[in-house]
Amino acid sequence: MVNAAELFRDARDEPVRIALVGAGQFGATLAGQAPRLPGVGIAAVCDVDGEKAARLAPEGAAVLTDALEVAGVDADVVVEATGHPETAAALAEACIAAGKHVVMATKEAEVAVGPMLARLAAEAGVVYTLADGDQPSLLVGLVARARLLGLEVVVAGKSGEHDLVWTPDEGRLTHLTGDRPDYPAADFGALWQGDRETVRRRTAAVPGAPLRTPSDLTEMAVVANHTGLGFEAPDLLAPIARWPELPDLFRPHEAGGLLRRTGVVDMVTCLRRPDEASLAGGVFVVVRCDHAETWAVLAGKGIPVSGCGGYAALVNPVHLLGLEAMASILQAVRLGLPTGAAAPEPRVDLAARATRHLGPGHDLAMGGHHHEIDGVEPLLVEAGPIGDDQPLPFTMAANTRLAAAVAPGTLLTADMVEQPADSALWRLRRRQDALFRTAAGSTS
């Protein structure tokens, strides 16, 4: 890895002033770390809950409840961590126009309009970037490093947040969500060594377990747009897998794996024993092993390599939330570089599909830790301009109401919802559609 101390050694003259928007877990961990870094300070904290903002704000920092006021704060960089797509889009646009760098932790805005915001930032001479500490930025970095080393990325993925933990002596399988009962697992030892069929049987053994969430699919769509990777399944393959199995499962189908195509994003639910390290919150890439002697050496040093010797897994097992976001902040302000792609492109969208009959006026409120919408499920689709005959992004459908009845299995489109009259998210998306459609047409 690059020696960060040397990289930033000659770029410390001016203090970095941070405006933090969103006082949740990400914001709290960022505010807690900032005093430990010389030359870095929190200039303002904003949250709709003013008391939460005040608790995070150091002495002398502005405390705000209106996000758009942050554009006028004396700060170098704004960290957007509200998790609210409309607020994030409007704030990012305003702060870029005000000459501020933007670190975007709200993936629900990034997935819909990130490429447009990146273009606006480039035109304004500031940096718009993903946030290290969140899985998308860390995975984009891992993909970039693998490619830098000349490795072919077969799949890039993340682990879901909640492991499945098997306790053999108790015959118990626990899904660490906090709200799920244990699963009977007296015979689960027969499913410990994984192949394609074993993966199918594992899933059948945990009926109803949430193996993927809207947040998971959102993050993988973001990674696709920043790396040029595609996807295989609209809802991801999402196998239940142990660390050492990653290169065996995520290899081409003809080589015994799950993939019908390579160069894709996906995810896993980590399976482990209580005495094994977790992958929850981690990211990985599976790469092709082109030089047998090299990978035989690395396998001997503990790198997971497939049984056929042709594929290997490189893993970053953790993400550190706002504590780690300082890397993105400093890189943007000191070096003028993002930790995501400098020019992401809209390649993959997160669409919205009705899971049951929904009547006119149905409220598509987004809520919960995983940003779910009642009666609607997300799925990955090839990106395209929004319209009456094109899928509407999941996070743009969020917090609208249906204009007409929708049958189960229907992909939502723009004409099916009551479109907001003054939405930065919708306006930016239409600009993005026009910009990239024109750019694509000019290169054909």
# chains A, B, ... in the order shown; residues from 1 in each chain; ligands from 1
>>> residues_around(residues="Thr106 (chain A)", least_positions_apart="3", cutoff="10 Å", atoms="only C-alpha atoms", output="number ranges by chain")
A: 22, 79-85, 87-89, 103, 109-111, 130-131, 134
>>> residues_around(residues="Ala280 (chain A)", least_positions_apart="4", cutoff="7 Å", atoms="only C-alpha atoms", output="list of chain:residue names")
A:Ser159, A:Gly160, A:Glu161, A:His162, A:Asp163, A:Cys270
>>> write_last_selection(atoms="N, CA, C and O atoms", output="CSV table (one decimal), in the first residue's frame")
chain,number,residue,atom,x,y,z
A,159,SER,N,-19.6,-8.8,2.0
A,159,SER,CA,-20.4,-9.6,2.9
A,159,SER,C,-21.5,-8.8,3.5
A,159,SER,O,-21.4,-7.6,3.7
A,160,GLY,N,-22.6,-9.5,3.6
A,160,GLY,CA,-23.7,-8.9,4.3
A,160,GLY,C,-23.3,-8.6,5.8
A,160,GLY,O,-22.3,-9.0,6.3
A,161,GLU,N,-24.1,-7.8,6.5
A,161,GLU,CA,-23.8,-7.3,7.8
A,161,GLU,C,-23.9,-8.4,8.9
A,161,GLU,O,-23.4,-8.2,10.0
A,162,HIS,N,-24.7,-9.5,8.6
A,162,HIS,CA,-25.0,-10.4,9.7
A,162,HIS,C,-24.6,-11.8,9.3
A,162,HIS,O,-25.1,-12.4,8.3
A,163,ASP,N,-23.6,-12.4,10.0
A,163,ASP,CA,-23.1,-13.7,9.7
A,163,ASP,C,-24.1,-14.8,10.1
A,163,ASP,O,-25.0,-14.6,11.0
A,270,CYS,N,-21.7,-14.5,5.2
A,270,CYS,CA,-20.6,-15.2,5.8
A,270,CYS,C,-21.0,-16.3,6.7
A,270,CYS,O,-21.8,-16.1,7.7
>>> residues_around(residues="Val126 (chain A)", least_positions_apart="4", cutoff="7 Å", atoms="only C-alpha atoms", output="NGL selection string")
:A and (96 or 99-101 or 121-122)
>>> write_last_selection(atoms="C-alpha atoms", output="short mmCIF file (atom, residue, chain, number, x, y, z; two decimals), in the first residue's frame")
data_model
loop_
_atom_site.label_atom_id
_atom_site.label_comp_id
_atom_site.auth_asym_id
_atom_site.auth_seq_id
_atom_site.Cartn_x
_atom_site.Cartn_y
_atom_site.Cartn_z
CA ILE A 96 -20.41 21.82 -5.17
CA GLY A 99 -16.88 25.45 -4.09
CA LYS A 100 -16.82 22.73 -1.46
CA HIS A 101 -15.58 19.16 -1.82
CA ALA A 121 -17.75 18.71 -9.25
CA ALA A 122 -15.17 18.31 -12.02
#
>>> closest_residue(among="A:Leu37, A:Ala277, A:Ala299, A:Leu64", to="Val21 (chain A)", atoms="only C-alpha atoms")
A:Leu64
>>> closest_residue(among="A:Val102, A:Ala92, A:Leu142, A:Val73", to="Gly336 (chain A)", atoms="only C-alpha atoms")
A:Val102
>>> residues_around(residues="Leu217 (chain A)", least_positions_apart="6", cutoff="8 Å", atoms="only C-alpha atoms", output="ChimeraX atom specification")
/A:235-236,350,378-380
>>> residues_around(residues="region 219-232 of chain A", least_positions_apart="4", cutoff="10 Å", atoms="only C-alpha atoms", output="ChimeraX atom specification")
/A:107-112,114-115,130,134-141,143-144,153-158,214-215,236-237,258-267,340-350,379-383
>>> atom_distance(atom1="CA of Trp166 (chain A)", atom2="CA of Gly302 (chain A)")
22.5 Å
>>> residues_around(residues="Arg55 (chain A)", least_positions_apart="2", cutoff="12 Å", atoms="only C-alpha atoms", output="ChimeraX atom specification")
/A:23-24,27-28,31-32,44-47,49-53,57-59,61-64
>>> write_last_selection(atoms="N, CA and C atoms", output="PDB file, in the first residue's frame")
ATOM      1  N   ALA A  23     -26.073  12.805  11.873  1.00  0.00           N
ATOM      2  CA  ALA A  23     -25.472  12.480  13.165  1.00  0.00           C
ATOM      3  C   ALA A  23     -25.773  11.045  13.589  1.00  0.00           C
ATOM      4  N   GLY A  24     -25.871  10.149  12.621  1.00  0.00           N
ATOM      5  CA  GLY A  24     -26.062   8.733  12.927  1.00  0.00           C
ATOM      6  C   GLY A  24     -24.747   8.048  13.222  1.00  0.00           C
ATOM      7  N   GLY A  27     -21.739   9.412  11.091  1.00  0.00           N
ATOM      8  CA  GLY A  27     -21.345  10.741  11.537  1.00  0.00           C
ATOM      9  C   GLY A  27     -20.716  10.736  12.920  1.00  0.00           C
ATOM     10  N   ALA A  28     -21.265   9.912  13.810  1.00  0.00           N
ATOM     11  CA  ALA A  28     -20.742   9.871  15.177  1.00  0.00           C
ATOM     12  C   ALA A  28     -19.316   9.342  15.210  1.00  0.00           C
ATOM     13  N   ALA A  31     -17.022  12.119  13.845  1.00  0.00           N
ATOM     14  CA  ALA A  31     -16.822  13.188  14.821  1.00  0.00           C
ATOM     15  C   ALA A  31     -15.946  12.718  15.976  1.00  0.00           C
ATOM     16  N   GLY A  32     -16.054  11.444  16.328  1.00  0.00           N
ATOM     17  CA  GLY A  32     -15.229  10.929  17.416  1.00  0.00           C
ATOM     18  C   GLY A  32     -13.769  10.815  17.044  1.00  0.00           C
ATOM     19  N   ALA A  44     -18.858  22.329  11.460  1.00  0.00           N
ATOM     20  CA  ALA A  44     -20.307  22.357  11.620  1.00  0.00           C
ATOM     21  C   ALA A  44     -20.840  20.935  11.655  1.00  0.00           C
ATOM     22  N   VAL A  45     -21.910  20.749  12.396  1.00  0.00           N
ATOM     23  CA  VAL A  45     -22.639  19.480  12.409  1.00  0.00           C
ATOM     24  C   VAL A  45     -24.104  19.800  12.178  1.00  0.00           C
ATOM     25  N   CYS A  46     -24.719  19.072  11.250  1.00  0.00           N
ATOM     26  CA  CYS A  46     -26.116  19.301  10.911  1.00  0.00           C
ATOM     27  C   CYS A  46     -26.892  18.002  11.014  1.00  0.00           C
ATOM     28  N   ASP A  47     -28.065  18.077  11.620  1.00  0.00           N
ATOM     29  CA  ASP A  47     -28.979  16.944  11.674  1.00  0.00           C
ATOM     30  C   ASP A  47     -30.374  17.503  11.947  1.00  0.00           C
ATOM     31  N   ASP A  49     -32.366  16.369  13.899  1.00  0.00           N
ATOM     32  CA  ASP A  49     -32.456  16.325  15.357  1.00  0.00           C
ATOM     33  C   ASP A  49     -31.331  17.197  15.909  1.00  0.00           C
ATOM     34  N   GLY A  50     -31.664  18.413  16.273  1.00  0.00           N
ATOM     35  CA  GLY A  50     -30.659  19.368  16.720  1.00  0.00           C
ATOM     36  C   GLY A  50     -29.893  18.905  17.943  1.00  0.00           C
ATOM     37  N   GLU A  51     -30.540  18.144  18.829  1.00  0.00           N
ATOM     38  CA  GLU A  51     -29.845  17.658  20.024  1.00  0.00           C
ATOM     39  C   GLU A  51     -28.750  16.661  19.658  1.00  0.00           C
ATOM     40  N   LYS A  52     -29.039  15.793  18.690  1.00  0.00           N
ATOM     41  CA  LYS A  52     -28.014  14.848  18.240  1.00  0.00           C
ATOM     42  C   LYS A  52     -26.846  15.592  17.613  1.00  0.00           C
ATOM     43  N   ALA A  53     -27.161  16.602  16.811  1.00  0.00           N
ATOM     44  CA  ALA A  53     -26.093  17.383  16.188  1.00  0.00           C
ATOM     45  C   ALA A  53     -25.241  18.064  17.241  1.00  0.00           C
ATOM     46  N   ALA A  57     -21.070  18.031  18.009  1.00  0.00           N
ATOM     47  CA  ALA A  57     -20.342  19.239  17.621  1.00  0.00           C
ATOM     48  C   ALA A  57     -19.321  19.629  18.674  1.00  0.00           C
ATOM     49  N   PRO A  58     -18.062  19.854  18.285  1.00  0.00           N
ATOM     50  CA  PRO A  58     -17.073  20.360  19.245  1.00  0.00           C
ATOM     51  C   PRO A  58     -17.338  21.828  19.563  1.00  0.00           C
ATOM     52  N   GLU A  59     -16.689  22.309  20.581  1.00  0.00           N
ATOM     53  CA  GLU A  59     -16.867  23.717  20.977  1.00  0.00           C
ATOM     54  C   GLU A  59     -16.500  24.628  19.809  1.00  0.00           C
ATOM     55  N   ALA A  61     -18.137  24.910  16.975  1.00  0.00           N
ATOM     56  CA  ALA A  61     -18.699  24.473  15.695  1.00  0.00           C
ATOM     57  C   ALA A  61     -20.150  24.915  15.580  1.00  0.00           C
ATOM     58  N   ALA A  62     -20.577  25.196  14.363  1.00  0.00           N
ATOM     59  CA  ALA A  62     -21.974  25.534  14.116  1.00  0.00           C
ATOM     60  C   ALA A  62     -22.841  24.293  14.259  1.00  0.00           C
ATOM     61  N   VAL A  63     -24.008  24.468  14.818  1.00  0.00           N
ATOM     62  CA  VAL A  63     -24.989  23.395  14.942  1.00  0.00           C
ATOM     63  C   VAL A  63     -26.212  23.793  14.124  1.00  0.00           C
ATOM     64  N   LEU A  64     -26.554  22.969  13.137  1.00  0.00           N
ATOM     65  CA  LEU A  64     -27.610  23.304  12.193  1.00  0.00           C
ATOM     66  C   LEU A  64     -28.624  22.174  12.112  1.00  0.00           C
TER      67      LEU A  64
END
>>> residues_around(residues="Phe188 (chain A)", least_positions_apart="4", cutoff="12 Å", atoms="only C-alpha atoms", output="PyMOL selection string")
chain A and resi 164-174+183-184+192-194+198-199+201-206+271-273
>>> select_by_dssp(residues="region 321-393 of chain A", states="helix (DSSP H, G or I)", output="ChimeraX atom specification")
/A:322-335
>>> write_last_selection(atoms="N, CA and C atoms", output="CSV table (one decimal), in the first residue's frame")
chain,number,residue,atom,x,y,z
A,322,GLY,N,-17.2,6.0,9.9
A,322,GLY,CA,-16.7,7.4,9.8
A,322,GLY,C,-15.2,7.5,10.2
A,323,LEU,N,-14.8,6.6,11.1
A,323,LEU,CA,-13.4,6.6,11.5
A,323,LEU,C,-12.4,6.5,10.2
A,324,GLU,N,-12.8,5.7,9.2
A,324,GLU,CA,-12.0,5.5,8.1
A,324,GLU,C,-12.3,6.6,7.0
A,325,ALA,N,-13.4,7.3,7.1
A,325,ALA,CA,-13.7,8.3,6.1
A,325,ALA,C,-12.7,9.4,6.0
A,326,MET,N,-11.8,9.6,7.1
A,326,MET,CA,-10.8,10.6,7.0
A,326,MET,C,-9.9,10.4,5.8
A,327,ALA,N,-9.7,9.2,5.3
A,327,ALA,CA,-8.9,8.9,4.2
A,327,ALA,C,-9.5,9.6,3.0
A,328,SER,N,-10.8,9.5,2.8
A,328,SER,CA,-11.4,10.2,1.6
A,328,SER,C,-11.4,11.7,1.8
A,329,ILE,N,-11.6,12.2,3.0
A,329,ILE,CA,-11.6,13.6,3.3
A,329,ILE,C,-10.3,14.2,2.9
A,330,LEU,N,-9.2,13.6,3.5
A,330,LEU,CA,-7.9,14.2,3.3
A,330,LEU,C,-7.4,14.0,1.8
A,331,GLN,N,-7.8,12.9,1.2
A,331,GLN,CA,-7.4,12.8,-0.2
A,331,GLN,C,-8.1,13.8,-1.1
A,332,ALA,N,-9.4,14.1,-0.8
A,332,ALA,CA,-10.1,15.1,-1.6
A,332,ALA,C,-9.5,16.5,-1.4
A,333,VAL,N,-9.3,16.9,-0.1
A,333,VAL,CA,-8.9,18.3,0.2
A,333,VAL,C,-7.4,18.4,-0.1
A,334,ARG,N,-6.5,17.5,0.3
A,334,ARG,CA,-5.1,17.7,0.2
A,334,ARG,C,-4.6,17.4,-1.2
A,335,LEU,N,-5.1,16.3,-1.8
A,335,LEU,CA,-4.6,15.9,-3.1
A,335,LEU,C,-5.5,16.1,-4.3
>>> closest_residue(among="A:Leu412, A:Ala241, A:Thr269, A:Arg145", to="Pro210 (chain A)", atoms="only C-alpha atoms")
A:Thr269
>>> closest_residue(among="A:Val376, A:Leu402, A:Gly133, A:Pro338", to="Val283 (chain A)", atoms="only C-alpha atoms")
A:Gly133
>>> decode(residues="region 296-308 of chain A", atoms="all heavy atoms", output="PDB file, in the first residue's frame")
ATOM      1  N   ALA A 296       0.706 -20.933  -6.054  1.00  0.00           N
ATOM      2  CA  ALA A 296       1.027 -22.045  -5.160  1.00  0.00           C
ATOM      3  C   ALA A 296       1.773 -21.526  -3.929  1.00  0.00           C
ATOM      4  O   ALA A 296       1.522 -21.954  -2.797  1.00  0.00           O
ATOM      5  CB  ALA A 296       1.858 -23.095  -5.896  1.00  0.00           C
ATOM      6  N   VAL A 297       2.680 -20.575  -4.154  1.00  0.00           N
ATOM      7  CA  VAL A 297       3.394 -19.954  -3.037  1.00  0.00           C
ATOM      8  C   VAL A 297       2.428 -19.204  -2.138  1.00  0.00           C
ATOM      9  O   VAL A 297       2.461 -19.322  -0.910  1.00  0.00           O
ATOM     10  CB  VAL A 297       4.497 -19.012  -3.563  1.00  0.00           C
ATOM     11  CG1 VAL A 297       5.081 -18.187  -2.419  1.00  0.00           C
ATOM     12  CG2 VAL A 297       5.591 -19.805  -4.259  1.00  0.00           C
ATOM     13  N   LEU A 298       1.533 -18.409  -2.756  1.00  0.00           N
ATOM     14  CA  LEU A 298       0.599 -17.603  -1.967  1.00  0.00           C
ATOM     15  C   LEU A 298      -0.414 -18.472  -1.228  1.00  0.00           C
ATOM     16  O   LEU A 298      -0.807 -18.152  -0.103  1.00  0.00           O
ATOM     17  CB  LEU A 298      -0.120 -16.604  -2.883  1.00  0.00           C
ATOM     18  CG  LEU A 298       0.793 -15.538  -3.497  1.00  0.00           C
ATOM     19  CD1 LEU A 298       0.021 -14.659  -4.469  1.00  0.00           C
ATOM     20  CD2 LEU A 298       1.438 -14.681  -2.406  1.00  0.00           C
ATOM     21  N   ALA A 299      -0.834 -19.574  -1.838  1.00  0.00           N
ATOM     22  CA  ALA A 299      -1.727 -20.496  -1.145  1.00  0.00           C
ATOM     23  C   ALA A 299      -1.051 -21.048   0.107  1.00  0.00           C
ATOM     24  O   ALA A 299      -1.690 -21.228   1.147  1.00  0.00           O
ATOM     25  CB  ALA A 299      -2.148 -21.636  -2.071  1.00  0.00           C
ATOM     26  N   GLY A 300       0.244 -21.288   0.014  1.00  0.00           N
ATOM     27  CA  GLY A 300       0.994 -21.754   1.168  1.00  0.00           C
ATOM     28  C   GLY A 300       1.092 -20.727   2.272  1.00  0.00           C
ATOM     29  O   GLY A 300       1.394 -21.062   3.418  1.00  0.00           O
ATOM     30  N   LYS A 301       0.855 -19.476   1.939  1.00  0.00           N
ATOM     31  CA  LYS A 301       0.874 -18.401   2.932  1.00  0.00           C
ATOM     32  C   LYS A 301      -0.532 -18.031   3.417  1.00  0.00           C
ATOM     33  O   LYS A 301      -0.725 -17.011   4.079  1.00  0.00           O
ATOM     34  CB  LYS A 301       1.561 -17.168   2.343  1.00  0.00           C
ATOM     35  CG  LYS A 301       3.053 -17.388   2.060  1.00  0.00           C
ATOM     36  CD  LYS A 301       3.697 -16.136   1.515  1.00  0.00           C
ATOM     37  CE  LYS A 301       5.185 -16.360   1.278  1.00  0.00           C
ATOM     38  NZ  LYS A 301       5.921 -16.590   2.543  1.00  0.00           N
ATOM     39  N   GLY A 302      -1.513 -18.848   3.043  1.00  0.00           N
ATOM     40  CA  GLY A 302      -2.847 -18.664   3.584  1.00  0.00           C
ATOM     41  C   GLY A 302      -3.834 -17.936   2.704  1.00  0.00           C
ATOM     42  O   GLY A 302      -4.973 -17.708   3.128  1.00  0.00           O
ATOM     43  N   ILE A 303      -3.448 -17.550   1.491  1.00  0.00           N
ATOM     44  CA  ILE A 303      -4.391 -16.913   0.583  1.00  0.00           C
ATOM     45  C   ILE A 303      -5.365 -17.977   0.081  1.00  0.00           C
ATOM     46  O   ILE A 303      -4.930 -19.028  -0.402  1.00  0.00           O
ATOM     47  CB  ILE A 303      -3.668 -16.261  -0.613  1.00  0.00           C
ATOM     48  CG1 ILE A 303      -2.689 -15.207  -0.123  1.00  0.00           C
ATOM     49  CG2 ILE A 303      -4.670 -15.660  -1.587  1.00  0.00           C
ATOM     50  CD1 ILE A 303      -3.318 -14.036   0.589  1.00  0.00           C
ATOM     51  N   PRO A 304      -6.690 -17.750   0.171  1.00  0.00           N
ATOM     52  CA  PRO A 304      -7.629 -18.755  -0.336  1.00  0.00           C
ATOM     53  C   PRO A 304      -7.513 -18.909  -1.848  1.00  0.00           C
ATOM     54  O   PRO A 304      -7.663 -17.950  -2.599  1.00  0.00           O
ATOM     55  CB  PRO A 304      -9.002 -18.181   0.043  1.00  0.00           C
ATOM     56  CG  PRO A 304      -8.732 -17.207   1.142  1.00  0.00           C
ATOM     57  CD  PRO A 304      -7.389 -16.626   0.844  1.00  0.00           C
ATOM     58  N   VAL A 305      -7.204 -20.109  -2.297  1.00  0.00           N
ATOM     59  CA  VAL A 305      -7.083 -20.435  -3.716  1.00  0.00           C
ATOM     60  C   VAL A 305      -8.021 -21.596  -4.000  1.00  0.00           C
ATOM     61  O   VAL A 305      -8.164 -22.512  -3.186  1.00  0.00           O
ATOM     62  CB  VAL A 305      -5.631 -20.788  -4.089  1.00  0.00           C
ATOM     63  CG1 VAL A 305      -5.529 -21.253  -5.533  1.00  0.00           C
ATOM     64  CG2 VAL A 305      -4.715 -19.594  -3.857  1.00  0.00           C
ATOM     65  N   SER A 306      -8.674 -21.558  -5.157  1.00  0.00           N
ATOM     66  CA  SER A 306      -9.635 -22.607  -5.513  1.00  0.00           C
ATOM     67  C   SER A 306      -8.949 -23.964  -5.638  1.00  0.00           C
ATOM     68  O   SER A 306      -7.735 -24.056  -5.858  1.00  0.00           O
ATOM     69  CB  SER A 306     -10.332 -22.258  -6.832  1.00  0.00           C
ATOM     70  OG  SER A 306      -9.395 -22.224  -7.902  1.00  0.00           O
ATOM     71  N   GLY A 307      -9.751 -25.021  -5.516  1.00  0.00           N
ATOM     72  CA  GLY A 307      -9.210 -26.358  -5.615  1.00  0.00           C
ATOM     73  C   GLY A 307      -8.541 -26.640  -6.945  1.00  0.00           C
ATOM     74  O   GLY A 307      -7.576 -27.403  -7.013  1.00  0.00           O
ATOM     75  N   CYS A 308      -9.029 -25.991  -8.008  1.00  0.00           N
ATOM     76  CA  CYS A 308      -8.420 -26.192  -9.324  1.00  0.00           C
ATOM     77  C   CYS A 308      -7.169 -25.349  -9.507  1.00  0.00           C
ATOM     78  O   CYS A 308      -6.468 -25.488 -10.513  1.00  0.00           O
ATOM     79  CB  CYS A 308      -9.430 -25.864 -10.424  1.00  0.00           C
ATOM     80  SG  CYS A 308      -9.875 -24.110 -10.523  1.00  0.00           S
TER      81      CYS A 308
END
